[in-house]
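A.B. asks: Sharing a structure here in structure tokens format.
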Amino acid sequence: MNQTTVTHNTDRHPPRHVAIIMDGNGRWAKAHGLDRTEGHVAGVETVHNITRQASDMGIKYLSLYTFSTENWNRPQKEVDALMHLVALVIEKETPGLIENNVKVSIFGDTERLPDITRQSLFRSMEQTSHCTGLTLSLALSYSARWELTNAMRNIAGKVAEGKILPGQITEQTIQENLSTSNLPDPDLLIRTGGDFRISNFMLWQIAYSEIYVTPTLWPDFTTNEFCAAIDNFRQRERRFGMTSEQVSQKNCQQQPNK
């Protein structure tokens, strides 16, 4: 999926929404003879750089898989360090995010987060709520199966209350009950660290996302490689079940007359 040679192509639009599975912090730390938590610290700088690059490129939405529901099963020391790190980083980064017109959003089972972490995140969301540039969404205590289960419960409750009939449930109904209901579906999903799996991330939303996998570990993922992923996306033909000929015809019809 990751190509070594990328030809710049500006004829096609960049993705509106990029989602990233940030993998490889622990392996990076191990390779450098460091504690796993040091890998997460190193990964913070990458988050800073990629967020700035995405904003500069005019990308509207950047969603980062920050902490999964399954990550609660990691050693308590690492979990505590991660939660503390999230709180510290969001407090430190918020002034710069405001300066760069970046809005902070979070999705996931936030009730499970420690109070200090949750309060720091909500405070950043409030302070950046007026920003109109990039929306930076952090998936925290999140998994797609949790999200879909929660959505089904919400819809079932509405059916039980007589607010909606079973036959009235549509894809839009499900979309509106997801924790990402305020976000468009990702156009591009990037995974660092080389593993070819989705890891329970945005399963509903990425049904037609383009996927880019790189062996680069997250702390080593540079803005240059991020730009290469965007260029790779621009080269792809997104057919959404149609034929290439249909896509070409549709694109021609959508282009303004000159």
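Following the order of the structure tokens, first chain is A, next is B, and so on, with residues numbered from 1 inside each chain and ligands from 1 in the order they appear.
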Find the nearest atom pair between each residue of region 164-230 of chain A and region 153-156 of chain A for residues within 9 Å, count only C-alpha atoms, give distances in Å to one decimal, sort rows by chain and ascending number, and present the table as CSV.
C.D. replies:
residue,atom,partner,partner_atom,distance
A:Ile164,CA,A:Ile155,CA,8.2
A:Pro166,CA,A:Ala156,CA,8.6
A:Ile169,CA,A:Ile155,CA,8.3
A:Thr173,CA,A:Ile155,CA,7.9
A:Ile174,CA,A:Ile155,CA,7.8
A:Asn177,CA,A:Asn154,CA,7.0
A.B. asks: Can you tell me, as number ranges by chain, which residues in region 10-241 of chain A count as alpha helix (DSSP H) by DSSP?
C.D. replies: A: 25-31, 36-56, 76-99, 115-127, 144-160, 171-176, 223-235
A.B. asks: Excluding Leu85 (chain A) and its own-chain neighbours fewer than 2 positions away, which residues fall within 12 Å of it when counting only C-alpha atoms? Please give them as a PyMOL selection string.
C.D. replies: chain A and resi 37-44+66-67+78-83+87-93+114+116-117+120-121
A.B. asks: Counting only C-alpha atoms, which residues of region 198-221 of chain A fall within 9 Å of region 141-146 of chain A, and what is the closest atom pair for each with its distance in Å at one decimal, ordered by chain and rising number, as CSV?
C.D. replies:
residue,atom,partner,partner_atom,distance
A:Ser199,CA,A:Ser143,CA,8.3
A:Asn200,CA,A:Ala144,CA,5.2
A:Phe201,CA,A:Ala144,CA,5.3
A:Met202,CA,A:Ala144,CA,5.2
A:Leu203,CA,A:Ala144,CA,5.7
A:Trp204,CA,A:Ala144,CA,7.6
A.B. asks: Measure the distance from CA of Thr222 (chain A) to CA of Ile59 (chain A) in Å and round it to one decimal.
C.D. replies: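 Those two atoms sit 16.8 Å apart.
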A.B. asks: With only C-alpha atoms as the atoms that count, which of A:Leu189, A:Val47, A:Val102, A:Ile206 lies nearest to Leu136 (chain A)?
C.D. replies: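 Counting only C-alpha atoms, the residue closest to Leu136 (chain A) is A:Val102.
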A.B. asks: Counting only C-alpha atoms, which of A:Glu237, A:Asp195, A:Asp231, A:Glu225 gets nearest to Ile21 (chain A)?
C.D. replies: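 Among the listed residues, the smallest separation from Ile21 (chain A) belongs to A:Asp195.
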A.B. asks: From the list A:Arg118, A:Gly108, A:Leu165, A:Phe196, which residue is nearest Thr180 (chain A) when using only C-alpha atoms?
C.D. replies: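 That would be A:Gly108, the residue with the smallest distance to Thr180 (chain A).
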A.B. asks: To one decimal place in Å, what is the distance between CA of Asp56 (chain A) and CA of Arg239 (chain A)?
C.D. replies: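 Answer for the CA of Asp56 (chain A) to CA of Arg239 (chain A) separation: 27.9 Å.
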A.B. asks: Would you list the contacts of Leu188 (chain A) as an NGL selection string, taking every protein, DNA or RNA residue within 9 Å and counting only C-alpha atoms, but skipping same-chain residues closer than 6 positions in sequence?
C.D. replies: :A and (15-20 or 206 or 208-212 or 229-230 or 233)
A.B. asks: Would you give me, as an MDAnalysis selection string, the residues in region 32-232 of chain A that DSSP reads as strand (DSSP E or B)?
C.D. replies: chainID A and resid 61:68 103:107 135:142 188:191 210:213
A.B. asks: What is the distance, in Å and to one decimal place, between CA of Ser63 (chain A) and CA of Arg36 (chain A)?
C.D. replies: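 Computed distance, CA of Ser63 (chain A) to CA of Arg36 (chain A), equals 23.1 Å.
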A.B. asks: Of the candidates A:Cys227, A:Met125, A:His32, A:Pro95, which shows the shortest atom-to-atom distance to Gln53 (chain A), using only C-alpha atoms?
C.D. replies: A:Cys227
A.B. asks: Find, counting only C-alpha atoms, the residue in A:Thr216, A:Thr110, A:Thr46, A:Gln235 that gets nearest to Ser68 (chain A).
C.D. replies: A:Thr110
